[in-house]
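Student: Got a structure for you, entry17.csv, holding CSV, C-alpha atoms.
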chain,number,residue,atom,x,y,z
K,192,MET,CA,191.6,85.0,84.2
K,193,SER,CA,189.7,82.0,82.9
K,194,ILE,CA,186.5,82.3,80.9
K,195,GLN,CA,184.6,80.8,83.9
K,196,ALA,CA,186.0,83.3,86.4
K,197,SER,CA,185.3,86.1,84.0
K,198,SER,CA,181.7,84.9,83.6
K,199,ARG,CA,181.3,84.6,87.4
K,200,SER,CA,182.6,88.1,87.8
K,201,LYS,CA,180.1,89.5,85.2
K,202,THR,CA,177.3,87.6,87.0
K,203,VAL,CA,178.3,89.0,90.4
K,204,LEU,CA,178.7,92.5,89.0
K,205,GLY,CA,175.3,92.2,87.3
K,206,LEU,CA,173.6,91.4,90.6
K,207,ILE,CA,175.4,94.3,92.3
K,208,GLY,CA,174.3,96.6,89.5
K,209,TRP,CA,170.6,95.5,89.9
K,210,LEU,CA,170.9,96.0,93.7
K,211,LEU,CA,172.3,99.5,93.3
K,212,LEU,CA,169.7,100.4,90.7
K,213,CYS,CA,166.8,99.2,92.9
K,214,PHE,CA,168.1,100.9,96.0
K,215,ALA,CA,168.7,104.1,94.0
K,216,ALA,CA,165.0,104.2,93.4
K,217,ALA,CA,164.6,104.0,97.2
K,218,ALA,CA,166.8,107.1,97.7
K,219,GLY,CA,163.7,109.3,97.5
K,220,GLY,CA,162.6,107.9,100.8
K,221,ALA,CA,165.7,109.4,102.4
K,222,VAL,CA,165.1,112.8,100.7
K,223,PHE,CA,161.4,113.1,101.2
K,224,MET,CA,160.8,111.9,104.8
K,225,PRO,CA,157.3,111.8,106.2
K,226,GLY,CA,157.8,114.7,108.6
K,227,GLU,CA,155.3,117.0,110.3
K,228,TRP,CA,152.8,117.1,107.4
K,229,PHE,CA,152.4,113.3,107.5
K,230,ALA,CA,152.3,113.2,111.3
K,231,GLY,CA,149.4,115.6,111.2
K,232,LEU,CA,147.3,113.6,108.8
K,233,ASN,CA,144.2,111.6,110.0
K,234,LYS,CA,145.1,107.9,109.7
K,235,PRO,CA,143.1,104.7,109.8
K,236,ALA,CA,143.6,102.5,112.8
K,237,TRP,CA,145.3,99.9,110.6
K,238,ASN,CA,148.0,102.3,109.5
K,239,PRO,CA,151.3,100.5,110.1
K,240,PRO,CA,153.9,101.8,112.5
K,241,GLY,CA,156.6,103.9,110.8
K,242,TRP,CA,159.5,101.6,111.8
K,243,LEU,CA,158.0,98.8,109.6
K,244,PHE,CA,158.5,100.5,106.3
K,245,GLY,CA,162.3,100.4,106.3
K,246,PRO,CA,162.7,96.7,106.8
K,247,VAL,CA,159.8,95.9,104.4
K,248,TRP,CA,161.1,98.0,101.6
K,249,SER,CA,164.7,96.8,102.1
K,250,ALA,CA,163.5,93.2,101.6
K,251,LEU,CA,161.3,94.2,98.7
K,252,TYR,CA,164.0,96.1,96.9
K,253,THR,CA,166.4,93.2,97.4
K,254,MET,CA,163.9,90.7,95.9
K,255,MET,CA,163.2,93.1,93.0
K,256,ALA,CA,166.9,93.3,92.2
K,257,VAL,CA,167.3,89.5,92.3
K,258,ALA,CA,164.2,89.1,90.1
K,259,ALA,CA,165.6,91.5,87.5
K,260,TRP,CA,169.0,89.9,87.7
K,261,LEU,CA,167.5,86.4,87.1
K,262,VAL,CA,165.8,87.7,84.0
K,263,TRP,CA,168.9,89.6,82.9
K,264,ARG,CA,171.0,86.4,83.2
K,265,ARG,CA,168.8,84.9,80.4
K,266,GLY,CA,170.5,86.8,77.6
K,267,GLY,CA,170.9,90.4,79.0
K,268,PHE,CA,169.1,93.4,77.7
K,269,ALA,CA,169.5,92.2,74.1
K,270,ALA,CA,167.3,89.1,74.7
K,271,GLN,CA,165.1,90.5,77.5
K,272,ARG,CA,164.4,94.0,76.4
K,273,ARG,CA,160.7,94.0,77.0
K,274,PRO,CA,160.6,92.3,80.4
K,275,LEU,CA,163.5,94.4,81.7
K,276,GLY,CA,162.0,97.5,80.1
K,277,TRP,CA,158.8,96.9,82.1
K,278,PHE,CA,160.9,96.4,85.2
K,279,LEU,CA,162.6,99.7,84.7
K,280,ALA,CA,159.3,101.5,84.0
K,281,GLN,CA,157.8,100.3,87.2
K,282,LEU,CA,161.0,101.2,89.1
K,283,VAL,CA,160.7,104.8,87.8
K,284,LEU,CA,157.0,104.8,88.9
K,285,ASN,CA,158.1,103.5,92.3
K,286,ALA,CA,160.7,106.3,92.7
K,287,VAL,CA,158.2,109.0,91.7
K,288,TRP,CA,155.5,108.1,94.3
K,289,THR,CA,157.5,109.3,97.3
K,290,PRO,CA,158.1,112.9,96.1
K,291,LEU,CA,154.5,113.1,95.0
K,292,PHE,CA,153.1,112.0,98.3
K,293,PHE,CA,155.7,113.2,100.9
K,294,GLY,CA,157.4,116.0,98.9
K,295,LEU,CA,154.5,117.7,97.2
K,296,HIS,CA,151.9,116.6,99.8
K,297,ARG,CA,149.6,115.5,96.9
K,298,PRO,CA,147.9,112.2,98.1
K,299,GLY,CA,145.4,112.3,95.3
K,300,VAL,CA,148.0,112.6,92.6
K,301,ALA,CA,150.1,110.0,94.4
K,302,PHE,CA,147.1,107.7,94.5
K,303,ALA,CA,146.6,107.9,90.7
K,304,GLU,CA,150.3,107.3,90.3
K,305,ILE,CA,150.4,104.2,92.6
K,306,LEU,CA,147.5,102.7,90.5
K,307,LEU,CA,149.8,103.1,87.4
K,308,LEU,CA,152.6,101.5,89.5
K,309,TRP,CA,150.4,98.6,90.4
K,310,LEU,CA,149.5,98.0,86.8
K,311,ALA,CA,153.2,98.2,85.7
K,312,ILE,CA,154.2,95.7,88.4
K,313,ALA,CA,151.5,93.3,87.3
K,314,TRP,CA,152.6,93.6,83.7
K,315,THR,CA,156.3,93.1,84.8
K,316,ILE,CA,155.3,89.9,86.7
K,317,ALA,CA,153.6,88.6,83.6
K,318,ALA,CA,156.6,89.4,81.4
K,319,PHE,CA,159.0,87.9,83.9
K,320,TRP,CA,156.8,84.7,84.1
K,321,ARG,CA,157.5,84.0,80.5
K,322,VAL,CA,161.3,84.2,81.1
K,323,HIS,CA,161.9,82.9,84.7
K,324,ARG,CA,159.1,81.9,87.0
K,325,ALA,CA,161.1,82.3,90.2
K,326,ALA,CA,161.8,85.9,89.1
K,327,ALA,CA,158.0,86.5,88.7
K,328,TRP,CA,157.3,85.0,92.2
K,329,LEU,CA,160.0,87.2,93.7
K,330,LEU,CA,157.8,90.2,92.7
K,331,ALA,CA,154.6,88.8,94.2
K,332,PRO,CA,155.3,90.3,97.7
K,333,TYR,CA,156.1,93.6,96.1
K,334,LEU,CA,152.7,93.6,94.3
K,335,ALA,CA,151.0,92.6,97.6
K,336,TRP,CA,152.7,95.5,99.5
K,337,VAL,CA,151.9,98.0,96.8
K,338,SER,CA,148.3,96.8,96.8
K,339,PHE,CA,148.2,97.5,100.5
K,340,ALA,CA,150.0,100.9,100.0
K,341,ALA,CA,147.5,101.9,97.4
K,342,VAL,CA,144.6,101.2,99.7
K,343,LEU,CA,146.3,103.1,102.5
K,344,ASN,CA,147.2,106.0,100.1
K,345,GLY,CA,143.5,106.2,99.0
K,346,THR,CA,142.3,106.1,102.5
K,347,LEU,CA,144.6,108.9,103.6
K,348,TRP,CA,143.5,110.9,100.6
K,349,ARG,CA,139.8,110.4,101.5
K,350,LEU,CA,140.3,111.1,105.3
K,351,ASN,CA,142.3,114.3,104.6
K,352,GLY,CA,140.9,115.5,101.3
What does this structure look like when you write it as structure tokens?

Tutor:
Amino acid sequence: MSIQASSRSKTVLGLIGWLLLCFAAAAGGAVFMPGEWFAGLNKPAWNPPGWLFGPVWSALYTMMAVAAWLVWRRGGFAAQRRPLGWFLAQLVLNAVWTPLFFGLHRPGVAFAEILLLWLAIAWTIAAFWRVHRAAAWLLAPYLAWVSFAAVLNGTLWRLNG
């Protein structure tokens, strides 16, 4: 195998790894489904239909993985420890929200957690901006969606508290 082919394989495997990691964070959505508890909540008129969440999150997790991969390609973890560390921190916060909200039925705690997630995403975008601007832009829709989700989470907490 040539050095170029080996490098290409490492690059492709890196992208696959970031995709697997991001979609692993999404696995909580399969374990903690909205269910009867969520169906019984009072919701605002602007609450999105349930079918919208799967496609939106699939697109967002894909963009998140590509963003992390672009930063990772600039020297790996050794060179990008801080930006990738922030990315991993926000990914953990992302994964924790679903069990808090849908699993434990704690919208107030989930609201506090999603505010931390929002801050971590904003910090990750700033860190990525210094390394790869396209990677930072790939996270902008994610921040926008989490902003909307935070407002929805807070509204559901207020309407059902």

Student: Can you tell me how far CA of Gly352 in chain K sits from CA of Glu304 in chain K, in Å to one decimal?

Tutor: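 Answer for the CA of Gly352 in chain K to CA of Glu304 in chain K separation: 16.6 Å.
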
Student: Go ahead and compute the interatomic distance for CA of Ala256 in chain K and CA of Phe339 in chain K, in Å to one decimal.

Tutor: 20.9 Å

Student: Tell me which of K:Leu329, K:Ala311, K:Val203, K:Ala215 sits closest to Ala258 in chain K, counting all atoms listed in the file.

Tutor: K:Leu329

Student: Pick from K:Thr346, K:Asn285, K:Ser338, K:Thr202: nearest to Arg264 in chain K, with all atoms listed in the file counted?

Tutor: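 Of K:Thr346, K:Asn285, K:Ser338, K:Thr202, the one nearest Arg264 in chain K is K:Thr202, counting all atoms listed in the file.
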
Student: Need the shell around range 243-247 of chain K: protein/DNA/RNA residues with any atom at most 12 Å away, counting all atoms listed in the file. Skip same-chain ones fewer than 5 positions apart. Format as a VMD selection string?

Tutor: chain K and resid 214 217 to 218 220 to 221 224 to 225 238 252 to 254 332 to 333 335 to 337 340

Student: Given all atoms listed in the file as the basis, pick out the residue of K:Val300, K:Ala325, K:Leu295, K:Leu307 nearest to Leu282 in chain K.

Tutor: K:Leu307

Student: Just how far from CA of Leu347 in chain K is CA of Trp237 in chain K, in Å to one decimal?

Tutor: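 Taking CA of Trp237 in chain K and CA of Leu347 in chain K, their separation equals 11.4 Å.
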
Student: Which residue out of K:Leu211, K:Ala318, K:Ile305, K:Ala327 has the minimum interatomic distance to Leu275 in chain K when all atoms listed in the file are used?

Tutor: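 Answer, going by the shortest atom-to-atom distance: K:Ala318.
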
Student: Neighbouring residues of Arg273 in chain K were defined as those with any atom within 12 Å, considering only C-alpha atoms; residues of the same chain fewer than 6 positions away were excluded. Please report them as a list in words.

Tutor: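 That gives Ala259, Val262, Trp263, Gly267, Leu279, Ala280, Trp314, Thr315, Ile316, Ala317, Ala318, Phe319, Arg321 and Val322 of chain K.
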